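Everything below belongs to run_38.cif, which stores mmCIF, C-alpha atoms (C1' of nucleotides).
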data_upload
#
loop_
_atom_site.label_atom_id
_atom_site.label_comp_id
_atom_site.auth_asym_id
_atom_site.auth_seq_id
_atom_site.Cartn_x
_atom_site.Cartn_y
_atom_site.Cartn_z
CA MET A 274 -0.07 110.43 103.71
CA ALA A 275 -3.16 108.35 104.15
CA LEU A 276 -2.23 106.11 107.03
CA ALA A 277 -2.51 109.26 109.10
CA HIS A 278 -6.07 109.67 107.91
CA ALA A 279 -6.97 106.04 108.44
CA ILE A 280 -5.89 106.46 112.05
CA LEU A 281 -7.77 109.74 112.46
CA VAL A 282 -10.91 108.17 111.06
CA THR A 283 -10.65 105.35 113.58
CA LEU A 284 -10.20 107.86 116.38
CA LEU A 285 -13.41 109.62 115.32
CA ASP A 286 -15.28 106.76 116.92
CA LYS A 287 -13.58 106.99 120.30
CA PRO A 288 -10.17 107.72 121.89
CA GLN A 289 -7.87 104.78 121.56
CA SER A 290 -4.32 103.64 122.28
CA GLY A 291 -1.86 102.56 119.62
CA TYR A 292 -2.37 98.98 120.67
CA GLU A 293 -6.15 99.18 120.31
CA LEU A 294 -5.76 100.87 116.95
CA GLY A 295 -3.56 98.03 115.82
CA LYS A 296 -6.12 95.44 116.89
CA ARG A 297 -9.01 97.40 115.45
CA PHE A 298 -7.19 97.91 112.19
CA ASP A 299 -7.18 94.19 111.55
CA LYS A 300 -10.94 94.06 111.61
CA THR A 301 -12.20 97.29 110.10
CA VAL A 302 -10.33 100.13 108.41
CA GLY A 303 -7.18 98.03 108.39
CA VAL A 304 -8.71 95.66 105.87
CA PHE A 305 -8.57 98.55 103.41
CA TRP A 306 -5.36 100.14 104.69
CA ARG A 307 -3.14 97.63 106.41
CA ALA A 308 -0.38 98.77 108.76
CA ARG A 309 1.93 97.19 111.34
CA HIS A 310 2.02 98.32 114.91
CA GLN A 311 5.41 100.06 114.47
CA GLN A 312 3.97 102.18 111.73
CA ILE A 313 0.93 103.06 113.81
CA TYR A 314 2.99 104.08 116.83
CA SER A 315 5.31 106.31 114.83
CA GLU A 316 2.43 107.82 112.89
CA LEU A 317 0.71 108.65 116.18
CA HIS A 318 3.80 110.58 117.29
CA ARG A 319 3.74 112.53 114.06
CA LEU A 320 0.02 113.25 114.44
CA ALA A 321 0.61 114.47 117.98
CA ASP A 322 3.42 116.75 116.74
CA LYS A 323 1.00 118.23 114.22
CA GLY A 324 -1.63 118.72 116.89
CA TRP A 325 -4.16 116.48 115.18
CA VAL A 326 -4.33 114.18 118.19
CA THR A 327 -3.45 114.46 121.87
CA GLY A 328 -2.00 111.64 123.91
CA ARG A 329 -2.73 110.95 127.56
CA THR A 330 -1.04 108.24 129.61
CA VAL A 331 -3.55 106.00 131.33
CA THR A 332 -2.12 104.26 134.40
CA GLN A 333 -3.16 100.66 134.57
CA HIS A 334 -2.50 98.27 137.43
CA ASP A 335 -3.20 94.92 135.92
CA ARG A 336 -1.18 95.58 132.73
CA PRO A 337 1.35 98.04 131.23
CA ASN A 338 0.25 101.65 130.99
CA ARG A 339 -1.20 102.79 127.73
CA ILE A 340 -1.28 106.10 125.89
CA GLU A 341 -4.78 107.02 124.86
CA TYR A 342 -5.02 109.27 121.83
CA THR A 343 -7.91 111.65 121.22
CA ILE A 344 -8.58 113.43 117.95
CA THR A 345 -8.52 117.23 118.22
CA ASP A 346 -10.66 119.79 116.41
CA ARG A 347 -7.76 120.44 114.07
CA GLY A 348 -7.61 116.71 113.45
CA ARG A 349 -11.31 116.64 112.64
CA ALA A 350 -10.81 119.55 110.25
CA ALA A 351 -7.97 117.65 108.59
CA VAL A 352 -10.27 114.66 108.09
CA GLN A 353 -12.86 116.86 106.42
CA ALA A 354 -10.32 118.49 104.13
CA TRP A 355 -8.88 115.11 103.19
CA ALA A 356 -12.32 113.62 102.52
CA ALA A 357 -13.09 116.34 100.00
CA GLU A 358 -9.88 115.72 98.02
CA THR A 359 -10.06 113.60 94.91
CA VAL A 360 -9.83 109.99 95.94
CA GLU A 361 -6.89 107.93 94.72
CA PRO A 362 -7.70 104.80 92.74
CA PRO A 363 -7.26 101.65 94.81
CA SER A 364 -3.78 100.19 94.79
CA VAL A 365 -3.59 96.42 94.69
CA LYS A 366 -0.66 94.08 95.15
CA GLU A 367 -1.90 90.69 94.10
CA GLU A 368 1.03 88.32 93.87
CA LEU A 369 -1.13 85.31 93.05
CA VAL A 370 -2.27 86.74 89.74
CA VAL A 371 1.31 87.65 88.90
CA LYS A 372 2.19 84.01 89.44
CA LEU A 373 -0.55 82.99 87.04
CA PHE A 374 1.22 85.01 84.36
CA ALA A 375 4.12 82.59 84.77
CA LEU A 376 2.06 79.58 83.68
CA GLY A 377 3.99 77.64 81.11
CA THR A 378 7.24 78.18 82.97
CA VAL A 379 5.74 77.17 86.32
CA PRO A 380 3.84 73.86 86.55
CA SER A 381 0.12 74.38 86.95
CA ALA A 382 0.02 72.03 89.96
CA VAL A 383 2.04 74.61 91.92
CA ILE A 384 -0.40 77.36 91.00
CA ARG A 385 -3.43 75.18 91.70
CA GLU A 386 -2.24 74.51 95.23
CA GLN A 387 -1.90 78.22 95.85
CA LEU A 388 -5.32 78.89 94.38
CA ARG A 389 -6.79 76.39 96.82
CA GLN A 390 -5.09 78.12 99.72
CA ARG A 391 -6.28 81.50 98.53
CA ARG A 392 -9.81 80.22 98.15
CA ALA A 393 -9.72 78.97 101.74
CA LEU A 394 -8.51 82.39 102.90
CA HIS A 395 -11.35 84.19 101.15
CA GLN A 396 -13.81 81.70 102.59
CA ARG A 397 -12.43 82.21 106.09
CA ASN A 398 -12.73 85.97 105.75
CA LEU A 399 -16.29 85.60 104.49
CA GLY A 400 -17.12 83.61 107.59
CA GLU A 401 -15.69 86.28 109.87
CA TYR A 402 -17.52 89.03 108.05
CA ALA A 403 -20.77 87.08 108.30
CA GLN A 404 -20.33 86.95 112.06
CA VAL A 405 -19.70 90.69 112.26
CA MET A 406 -22.73 91.28 110.08
CA ALA A 407 -25.00 89.16 112.27
CA ARG A 408 -23.67 90.67 115.48
CA TYR A 409 -23.51 94.36 114.61
CA TYR A 410 -25.75 94.93 111.60
CA PRO A 411 -28.82 92.70 111.96
CA ASP A 412 -31.02 95.47 110.54
CA PRO A 413 -29.01 97.40 107.91
CA ALA A 414 -31.97 99.42 106.67
CA ARG A 415 -32.07 101.44 109.88
CA LEU A 416 -28.42 102.55 109.86
CA SER A 417 -27.22 106.11 109.50
CA GLY A 418 -24.08 108.19 110.03
CA PRO A 419 -20.84 106.44 111.00
CA ALA A 420 -22.56 103.09 111.46
CA LEU A 421 -23.80 103.20 107.87
CA GLY A 422 -20.28 103.95 106.66
CA ARG A 423 -18.84 101.00 108.56
CA TYR A 424 -21.62 98.78 107.30
CA LEU A 425 -20.88 99.74 103.70
CA GLY A 426 -17.20 99.06 104.31
CA LEU A 427 -18.11 95.60 105.53
CA ARG A 428 -20.29 95.09 102.46
CA CYS A 429 -17.31 96.04 100.30
CA GLY A 430 -15.23 93.43 102.08
CA ILE A 431 -17.88 90.76 101.71
CA ARG A 432 -18.35 91.45 98.02
CA SER A 433 -14.65 91.31 97.25
CA GLU A 434 -14.08 88.14 99.27
CA GLN A 435 -16.97 86.47 97.45
CA THR A 436 -15.53 87.63 94.14
CA GLY A 437 -12.22 86.12 95.22
CA VAL A 438 -13.83 82.76 95.95
CA ASP A 439 -15.66 82.76 92.62
CA TRP A 440 -12.53 83.68 90.69
CA CYS A 441 -10.51 80.95 92.39
CA ASP A 442 -13.18 78.45 91.42
CA GLU A 443 -13.10 79.63 87.83
CA ALA A 444 -9.31 79.47 87.71
CA LEU A 445 -9.17 76.05 89.34
CA ALA A 446 -11.72 74.71 86.87
CA ALA A 447 -9.78 76.12 83.92
CA LEU A 448 -6.48 74.70 85.19
CA ALA A 449 -7.96 71.29 85.97
CA GLU A 450 -8.89 70.89 82.33
CA ALA A 451 -5.58 72.22 81.12
CA SER A 452 -3.45 69.95 83.30
CA MET B 39 10.91 91.54 96.58
CA ALA B 40 8.05 90.95 94.21
CA LEU B 41 8.38 93.77 91.73
CA ALA B 42 11.47 91.92 90.56
CA HIS B 43 9.33 88.86 89.93
CA ALA B 44 6.58 90.81 88.22
CA ILE B 45 9.19 92.09 85.79
CA LEU B 46 10.71 88.65 85.28
CA VAL B 47 7.29 87.19 84.57
CA THR B 48 6.67 89.84 81.94
CA LEU B 49 10.05 89.09 80.35
CA LEU B 50 9.10 85.41 80.10
CA ASP B 51 6.89 86.39 77.19
CA LYS B 52 9.59 88.18 75.22
CA PRO B 53 12.65 90.43 75.71
CA GLN B 54 11.62 93.99 76.44
CA SER B 55 13.01 97.40 77.29
CA GLY B 56 12.23 99.27 80.47
CA TYR B 57 9.95 101.55 78.54
CA GLU B 58 7.97 98.69 77.04
CA LEU B 59 7.72 97.05 80.46
CA GLY B 60 6.32 100.26 81.84
CA LYS B 61 3.69 100.46 79.11
CA ARG B 62 2.84 96.80 79.37
CA PHE B 63 2.57 96.96 83.11
CA ASP B 64 -0.32 99.35 82.82
CA LYS B 65 -2.37 96.83 80.92
CA THR B 66 -1.48 93.40 82.30
CA VAL B 67 0.66 92.44 85.27
CA GLY B 68 0.82 96.05 86.35
CA VAL B 69 -2.88 96.01 87.20
CA PHE B 70 -1.97 93.60 89.99
CA TRP B 71 1.42 95.07 90.84
CA ARG B 72 1.66 98.72 89.89
CA ALA B 73 5.03 100.42 89.50
CA ARG B 74 6.37 103.68 88.09
CA HIS B 75 8.96 103.78 85.39
CA GLN B 76 11.72 104.91 87.78
CA GLN B 77 11.14 101.85 89.88
CA ILE B 78 11.19 99.57 86.86
CA TYR B 79 14.46 101.01 85.54
CA SER B 80 16.23 100.69 88.86
CA GLU B 81 14.86 97.21 89.43
CA LEU B 82 16.16 96.19 86.02
CA HIS B 83 19.66 97.31 87.03
CA ARG B 84 19.41 95.22 90.17
CA LEU B 85 18.17 92.21 88.19
CA ALA B 86 21.07 92.59 85.77
CA ASP B 87 23.52 92.73 88.71
CA LYS B 88 22.08 89.48 90.01
CA GLY B 89 22.35 87.88 86.58
CA TRP B 90 18.63 87.24 86.28
CA VAL B 91 18.40 89.34 83.13
CA THR B 92 20.87 90.59 80.52
CA GLY B 93 20.64 93.98 78.87
CA ARG B 94 21.55 94.74 75.27
CA THR B 95 21.52 98.21 73.74
CA VAL B 96 19.48 98.35 70.55
CA THR B 97 20.46 101.19 68.26
CA GLN B 98 17.49 102.95 66.78
CA HIS B 99 17.54 105.66 64.17
CA ASP B 100 14.06 107.11 64.34
CA ARG B 101 14.04 107.38 68.14
CA PRO B 102 16.37 107.14 71.20
CA ASN B 103 18.22 103.88 71.69
CA ARG B 104 16.68 101.38 74.02
CA ILE B 105 18.08 98.67 76.27
CA GLU B 106 16.39 95.37 75.68
CA TYR B 107 16.38 92.99 78.62
CA THR B 108 16.26 89.23 78.26
CA ILE B 109 15.55 86.82 81.09
CA THR B 110 18.38 84.36 81.75
CA ASP B 111 18.20 80.72 82.82
CA ARG B 112 19.02 81.80 86.35
CA GLY B 113 16.17 84.28 86.10
CA ARG B 114 13.81 81.55 84.97
CA ALA B 115 14.95 79.38 87.88
CA ALA B 116 14.28 82.30 90.24
CA VAL B 117 10.74 82.57 88.86
CA GLN B 118 10.12 78.90 89.50
CA ALA B 119 11.48 79.08 93.03
CA TRP B 120 9.38 82.16 93.77
CA ALA B 121 6.23 80.60 92.31
CA ALA B 122 6.52 77.65 94.68
CA GLU B 123 6.77 79.86 97.76
CA THR B 124 3.67 80.47 99.84
CA VAL B 125 1.77 83.30 98.27
CA GLU B 126 1.24 86.49 100.26
CA PRO B 127 -2.34 87.58 100.84
CA PRO B 128 -3.30 90.49 98.59
CA SER B 129 -2.54 93.93 99.97
CA VAL B 130 -5.13 96.56 99.30
CA LYS B 131 -5.05 100.32 99.81
CA GLU B 132 -8.58 101.50 99.31
CA GLU B 133 -8.83 105.10 100.40
CA LEU B 134 -12.47 105.44 99.36
CA VAL B 135 -13.67 102.93 101.93
CA VAL B 136 -11.58 104.63 104.59
CA LYS B 137 -13.41 107.83 103.75
CA LEU B 138 -16.72 106.05 104.19
CA PHE B 139 -15.70 105.33 107.77
CA ALA B 140 -15.68 109.08 108.30
CA LEU B 141 -19.39 109.43 107.55
CA GLY B 142 -21.02 111.50 110.23
CA THR B 143 -18.05 113.85 110.36
CA VAL B 144 -17.90 114.23 106.58
CA PRO B 145 -21.10 115.18 104.71
CA SER B 146 -22.47 112.33 102.67
CA ALA B 147 -22.70 114.51 99.55
CA VAL B 148 -18.89 114.63 99.46
CA ILE B 149 -18.67 110.87 99.67
CA ARG B 150 -21.44 110.36 97.12
CA GLU B 151 -19.55 112.44 94.57
CA GLN B 152 -16.46 110.31 95.03
CA LEU B 153 -18.49 107.13 94.77
CA ARG B 154 -19.82 108.34 91.43
CA GLN B 155 -16.29 109.03 90.20
CA ARG B 156 -15.13 105.64 91.38
CA ARG B 157 -18.05 103.93 89.69
CA ALA B 158 -17.13 105.65 86.43
CA LEU B 159 -13.53 104.46 86.81
CA HIS B 160 -14.60 100.85 87.30
CA GLN B 161 -16.92 101.14 84.32
CA ARG B 162 -14.14 102.55 82.17
CA ASN B 163 -11.81 99.72 83.15
CA LEU B 164 -14.53 97.18 82.39
CA GLY B 165 -14.85 98.65 78.92
CA GLU B 166 -11.11 98.37 78.30
CA TYR B 167 -11.03 94.82 79.57
CA ALA B 168 -13.96 93.90 77.33
CA GLN B 169 -11.99 95.16 74.34
CA VAL B 170 -8.94 93.12 75.32
CA MET B 171 -11.17 90.10 75.81
CA ALA B 172 -12.76 90.44 72.40
CA ARG B 173 -9.44 91.08 70.68
CA TYR B 174 -7.19 88.48 72.32
CA TYR B 175 -9.43 85.85 73.88
CA PRO B 176 -12.40 85.28 71.60
CA ASP B 177 -12.30 81.55 72.33
CA PRO B 178 -11.19 81.06 75.97
CA ALA B 179 -11.92 77.34 76.01
CA ARG B 180 -8.97 76.63 73.72
CA LEU B 181 -6.33 78.43 75.77
CA SER B 182 -3.37 76.78 77.48
CA GLY B 183 -0.01 77.71 79.02
CA PRO B 184 0.92 81.36 79.37
CA ALA B 185 -2.11 82.54 77.39
CA LEU B 186 -4.43 80.79 79.85
CA GLY B 187 -2.67 82.49 82.75
CA ARG B 188 -3.05 85.91 81.19
CA TYR B 189 -6.68 85.16 80.39
CA LEU B 190 -7.37 84.25 84.02
CA GLY B 191 -5.66 87.43 85.14
CA LEU B 192 -7.96 89.39 82.89
CA ARG B 193 -10.95 87.51 84.29
CA CYS B 194 -9.79 88.47 87.78
CA GLY B 195 -9.67 92.10 86.71
CA ILE B 196 -13.11 91.96 85.12
CA ARG B 197 -14.66 90.33 88.15
CA SER B 198 -13.23 92.84 90.58
CA GLU B 199 -14.15 95.85 88.45
CA GLN B 200 -17.71 94.53 88.19
CA THR B 201 -17.76 94.02 91.95
CA GLY B 202 -16.59 97.61 92.31
CA VAL B 203 -19.43 98.92 90.15
CA ASP B 204 -21.99 96.87 92.08
CA TRP B 205 -20.68 98.01 95.43
CA CYS B 206 -20.71 101.67 94.37
CA ASP B 207 -24.32 101.26 93.33
CA GLU B 208 -25.21 99.71 96.66
CA ALA B 209 -23.41 102.45 98.58
CA LEU B 210 -24.96 105.22 96.49
CA ALA B 211 -28.42 103.78 97.03
CA ALA B 212 -27.86 103.52 100.78
CA LEU B 213 -26.53 107.08 101.00
CA ALA B 214 -29.31 108.52 98.86
CA GLU B 215 -31.88 107.29 101.36
CA ALA B 216 -29.83 108.45 104.31
CA SER B 217 -29.28 111.98 103.06
"C1'" DC C 174 12.00 127.61 63.87
"C1'" DT C 175 10.07 126.55 67.99
"C1'" DC C 176 7.32 124.09 70.81
"C1'" DC C 177 4.90 119.81 71.89
"C1'" DG C 178 4.29 114.95 72.52
"C1'" DA C 179 5.98 110.37 72.24
"C1'" DT C 180 9.91 107.66 72.95
"C1'" DA C 181 13.65 106.36 76.11
"C1'" DT C 182 16.52 106.32 80.34
"C1'" DG C 183 17.92 107.73 84.55
"C1'" DC C 184 19.53 110.29 89.29
"C1'" DA C 185 18.63 112.32 93.84
"C1'" DA C 186 15.92 113.28 97.75
"C1'" DT C 187 12.39 112.14 100.47
"C1'" DT C 188 8.72 109.38 102.49
"C1'" DA C 189 6.51 105.04 103.44
"C1'" DA C 190 6.85 100.47 104.89
"C1'" DT C 191 9.08 96.33 106.48
"C1'" DT C 192 12.15 93.63 109.37
"C1'" DG C 193 14.37 92.75 113.38
"C1'" DC C 194 14.98 93.69 117.80
"C1'" DA C 195 14.20 95.58 122.71
"C1'" DT C 196 11.71 96.31 126.91
"C1'" DA C 197 8.33 95.90 130.63
"C1'" DT C 198 4.08 94.01 133.23
"C1'" DT C 199 0.74 90.60 134.54
"C1'" DG C 200 -1.62 86.20 134.85
"C1'" DA C 201 -1.82 81.44 133.74
"C1'" DC C 202 0.24 76.83 133.20
"C1'" DG C 203 2.95 73.17 134.66
"C1'" DC D 69 9.93 78.98 139.81
"C1'" DG D 70 10.43 79.40 134.95
"C1'" DT D 71 8.24 80.10 130.84
"C1'" DC D 72 4.74 81.46 127.81
"C1'" DA D 73 1.05 84.45 125.97
"C1'" DA D 74 -1.17 88.78 125.99
"C1'" DT D 75 -0.75 93.54 126.72
"C1'" DA D 76 1.76 97.78 125.57
"C1'" DT D 77 5.27 100.77 123.40
"C1'" DG D 78 9.03 101.78 120.80
"C1'" DC D 79 13.98 102.26 118.19
"C1'" DA D 80 17.16 101.28 114.38
"C1'" DA D 81 18.32 99.60 109.97
"C1'" DT D 82 17.01 98.50 105.69
"C1'" DT D 83 14.08 98.28 101.53
"C1'" DA D 84 10.41 99.86 98.73
"C1'" DA D 85 8.09 103.52 96.64
"C1'" DT D 86 7.13 108.22 95.46
"C1'" DT D 87 8.23 112.85 93.88
"C1'" DG D 88 10.72 115.91 91.36
"C1'" DC D 89 13.84 116.70 88.14
"C1'" DA D 90 17.15 115.97 84.06
"C1'" DT D 91 18.45 114.60 79.53
"C1'" DA D 92 18.14 113.33 74.69
"C1'" DT D 93 16.01 112.19 69.93
"C1'" DC D 94 12.53 112.51 66.47
"C1'" DG D 95 8.39 113.93 63.90
"C1'" DG D 96 4.66 116.89 63.34
"C1'" DA D 97 1.88 121.13 64.17
"C1'" DG D 98 1.70 125.89 63.93
#
In C-alpha cells, write the structure found in this file.
Amino acid sequence: MALAHAILVTLLDKPQSGYELGKRFDKTVGVFWRARHQQIYSELHRLADKGWVTGRTVTQHDRPNRIEYTITDRGRAAVQAWAAETVEPPSVKEELVVKLFALGTVPSAVIREQLRQRRALHQRNLGEYAQVMARYYPDPARLSGPALGRYLGLRCGIRSEQTGVDWCDEALAALAEAS
Amino acid sequence: MALAHAILVTLLDKPQSGYELGKRFDKTVGVFWRARHQQIYSELHRLADKGWVTGRTVTQHDRPNRIEYTITDRGRAAVQAWAAETVEPPSVKEELVVKLFALGTVPSAVIREQLRQRRALHQRNLGEYAQVMARYYPDPARLSGPALGRYLGLRCGIRSEQTGVDWCDEALAALAEAS
DNA sequence: CTCCGATATGCAATTAATTGCATATTGACG
DNA sequence: CGTCAATATGCAATTAATTGCATATCGGAG
C-alpha cells in the first residue's frame, strides 16, 4: 500500500496527470519506488475512489487530453498518518549479487562482464544526479521544507550509486586476480 | 523468475530443505532477494515440476520430517543460462526516502525519529556482517570460487549498510538545523 | 499436564506487479 | 502520404508476493 503514498507525496508538490507522474517518477520518488505507467493509472483510480485525490480533465488542442489529479485534504491527512507509521526496512532485489553466489558453477568472465555493465550504469546515474544537483541545488545549506527533503533524497541516490561503483571496482579487482 | 534462481544458487552449495533455505536466505542470498517461507515452499514445488531440483523426504525422529532438495544437472544448466543473461538493474523500495519527500506536510520530528530507527538498523546489520566476516572470511585474499562470490556479496552488504548509516547522519544533521 | 518455542510444511485468499496489448492525437521526417 | 515518436490513458491476463491460517512433532519450562 505504499505506491499510493508515493503518488500522493508527488502530488503534494503540484497537481499532475498520470503521464507526468510516470515521467517524474523516473527522476525522483520513482528511484526509490519504481512503478510502471499501468500501475500508476490504476492506482490513481483507486485513490480517486477513496477521495484522496480528485481528477479533472484538461482539454488540450495540440495533444490528447489529460486528467490532472489534485490531492485532497483527506489525501494530505492520509500522508501524515502514513508518515507517522513505523517505516518498513528497504526491500532490495539485487540479481547481480545473487549471480555472484553462483561463482564456481558460472565462469567468472560472465560475471565480470555484468559487473562492468553495472558499473557503467551506476556511473551514468551519478552523472545525471550531478546535473540535477548543479541545476536545482547549487546552495544546499539554504534549503528547507519540501526542497530539503528532495535534496536529501538525491543525496541518498548519489551515495548509493557511488557505493555501487566502488563495490563493482572491488569485485572486478578480486575476480581479475582469481581468473 | 528470479526467486527460482536465488533458490537454485543456494542449493549449489549443498542440498537443503525449504526450512533451511528460509533460514539461510535471511543471512546470505536473501539479503539481496528476500522471500517468505510460503514463497520458498511453493517455488520449490515448481522447481521440482520442472526437474531443476529433486526432493527426498528425510525421516527425523527428534523433529518433523523434512524434504531435502538437491539441484539436478538441468537445474545447474538453468543457472548457467540465467547467469549469462543481461542482468536487471537493482529494484529498490525505500519507503523512508519517499517519506522525506513529504517534508513540509509532515513535521520533521516524525521523520527524524524514523531516521534514527533506520540508522540503528543499519548499524545492527553492520555488526552482524562484521561477525560473519571475522568468522568465515578472516583471510579474504586467499578466497576463490563460490567462497569468493559469497565474500563479495557480504562486502556489498557491508558497503551499503555503511552508506545507509552515513546518509542517515547527513539527513539528521540537515534536519536538526532546519527544525 | 499444559503451554510455548523451535522445527517443518503447506493451502487459500487477496493484493501488488508485470506483460502484452489497445487506442487516439499531433507534429515531424522523408 | 505513410510512418514514426511523443503524448496520453487504459484493459485484460498472468505472475509474483503478501497475509492469514492450518497442521504436526518434540523438548523444556512452569
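Those residues that approach stretch 81-95 of chain D to within 8 Å, counting only C-alpha atoms (C1' of nucleotides), are Gln77, Asp100, Arg101 and Pro102 of chain B; DT187, DT188, DA189, DA190, DT191 and DT192 of chain C; same-chain residues fewer than 2 positions away are not listed.
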### Task
Taking the file as shown, find all residues satisfying the PyMOL selection byres ((chain A) within 12 of (chain C)) and write them as an NGL selection string.
:A and (274-277 or 307-313 or 315-316 or 333-339)
### Message
Please report the interatomic distance between atom CA of B:Pro128 and atom CA of A:Lys372 in Å with one decimal.
### Response
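Those two atoms sit 12.5 Å apart.
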Contact check, stretch 288-337 of chain A to stretch 426-431 of chain A, at most 12 Å, counting all atoms listed in the file, closest pairs as a Markdown table:
| residue | atom | partner | partner_atom | distance |
| --- | --- | --- | --- | --- |
| A:Lys300 | CA | A:Leu427 | CA | 9.5 |
| A:Thr301 | CA | A:Leu427 | CA | 7.7 |
| A:Val302 | CA | A:Gly426 | CA | 8.1 |
| A:Gly303 | CA | A:Gly426 | CA | 10.9 |
| A:Val304 | CA | A:Gly430 | CA | 7.9 |
| A:Phe305 | CA | A:Gly430 | CA | 8.5 |
| A:Trp306 | CA | A:Gly426 | CA | 11.9 |
Could the residues of chain D that have an atom at most 10 Å from chain A be listed as CSV, each with its closest atom pair and the distance in Å to one decimal, counting all atoms listed in the file and ordered by chain and ascending residue number?
residue,atom,partner,partner_atom,distance
D:DA74,C1',A:Arg336,CA,9.6
D:DT75,C1',A:Arg336,CA,6.4
D:DA76,C1',A:Pro337,CA,5.7
D:DT77,C1',A:Tyr314,CA,7.7
D:DG78,C1',A:Gln311,CA,7.5
D:DC79,C1',A:Gln311,CA,9.6
Please write the residues picked by the PyMOL selection byres ((chain A) within 7 of (chain B)) on this file as a PDB file with C-alpha atoms, in the coordinates of the input.
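Contents of the output file selection.pdb:
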ATOM      1  CA  ALA A 279      -6.970 106.040 108.440  1.00  0.00           C
ATOM      2  CA  VAL A 282     -10.910 108.170 111.060  1.00  0.00           C
ATOM      3  CA  VAL A 302     -10.330 100.130 108.410  1.00  0.00           C
ATOM      4  CA  PHE A 305      -8.570  98.550 103.410  1.00  0.00           C
ATOM      5  CA  TRP A 306      -5.360 100.140 104.690  1.00  0.00           C
ATOM      6  CA  GLN A 353     -12.860 116.860 106.420  1.00  0.00           C
ATOM      7  CA  ALA A 356     -12.320 113.620 102.520  1.00  0.00           C
ATOM      8  CA  ALA A 357     -13.090 116.340 100.000  1.00  0.00           C
ATOM      9  CA  VAL A 360      -9.830 109.990  95.940  1.00  0.00           C
ATOM     10  CA  GLU A 361      -6.890 107.930  94.720  1.00  0.00           C
ATOM     11  CA  PRO A 363      -7.260 101.650  94.810  1.00  0.00           C
ATOM     12  CA  SER A 364      -3.780 100.190  94.790  1.00  0.00           C
ATOM     13  CA  VAL A 365      -3.590  96.420  94.690  1.00  0.00           C
ATOM     14  CA  LYS A 366      -0.660  94.080  95.150  1.00  0.00           C
ATOM     15  CA  GLU A 367      -1.900  90.690  94.100  1.00  0.00           C
ATOM     16  CA  GLU A 368       1.030  88.320  93.870  1.00  0.00           C
ATOM     17  CA  LEU A 369      -1.130  85.310  93.050  1.00  0.00           C
ATOM     18  CA  VAL A 370      -2.270  86.740  89.740  1.00  0.00           C
ATOM     19  CA  VAL A 371       1.310  87.650  88.900  1.00  0.00           C
ATOM     20  CA  LYS A 372       2.190  84.010  89.440  1.00  0.00           C
ATOM     21  CA  LEU A 373      -0.550  82.990  87.040  1.00  0.00           C
ATOM     22  CA  PHE A 374       1.220  85.010  84.360  1.00  0.00           C
ATOM     23  CA  ALA A 375       4.120  82.590  84.770  1.00  0.00           C
ATOM     24  CA  LEU A 376       2.060  79.580  83.680  1.00  0.00           C
ATOM     25  CA  GLY A 377       3.990  77.640  81.110  1.00  0.00           C
ATOM     26  CA  VAL A 379       5.740  77.170  86.320  1.00  0.00           C
ATOM     27  CA  VAL A 383       2.040  74.610  91.920  1.00  0.00           C
ATOM     28  CA  GLN A 387      -1.900  78.220  95.850  1.00  0.00           C
ATOM     29  CA  SER A 417     -27.220 106.110 109.500  1.00  0.00           C
ATOM     30  CA  GLY A 418     -24.080 108.190 110.030  1.00  0.00           C
ATOM     31  CA  PRO A 419     -20.840 106.440 111.000  1.00  0.00           C
ATOM     32  CA  GLY A 422     -20.280 103.950 106.660  1.00  0.00           C
ATOM     33  CA  ARG A 423     -18.840 101.000 108.560  1.00  0.00           C
ATOM     34  CA  LEU A 425     -20.880  99.740 103.700  1.00  0.00           C
ATOM     35  CA  GLY A 426     -17.200  99.060 104.310  1.00  0.00           C
ATOM     36  CA  CYS A 429     -17.310  96.040 100.300  1.00  0.00           C
ATOM     37  CA  ARG A 432     -18.350  91.450  98.020  1.00  0.00           C
ATOM     38  CA  SER A 433     -14.650  91.310  97.250  1.00  0.00           C
ATOM     39  CA  THR A 436     -15.530  87.630  94.140  1.00  0.00           C
ATOM     40  CA  TRP A 440     -12.530  83.680  90.690  1.00  0.00           C
ATOM     41  CA  ALA A 444      -9.310  79.470  87.710  1.00  0.00           C
ATOM     42  CA  ALA A 451      -5.580  72.220  81.120  1.00  0.00           C
TER      43      ALA A 451
END
### Interatomic distance, atom CA of B:Asn163 to atom CA of A:Ala449 (Å, one decimal)
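Value for the atom CA of B:Asn163-atom CA of A:Ala449 distance: 28.8 Å.
Our summary of the geometry notes that atom CA of A:Tyr342 is positioned 5.4 Å from atom CA of A:Pro288.
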Assuming 3 Å of padding per side, give the centre and edge lengths of the axis-aligned box around every listed atom of stretch 194-199 of chain C, in Å to one decimal and as AutoDock Vina command-line options.
--center_x 7.9 --center_y 93.5 --center_z 126.2 --size_x 20.2 --size_y 11.7 --size_z 22.7
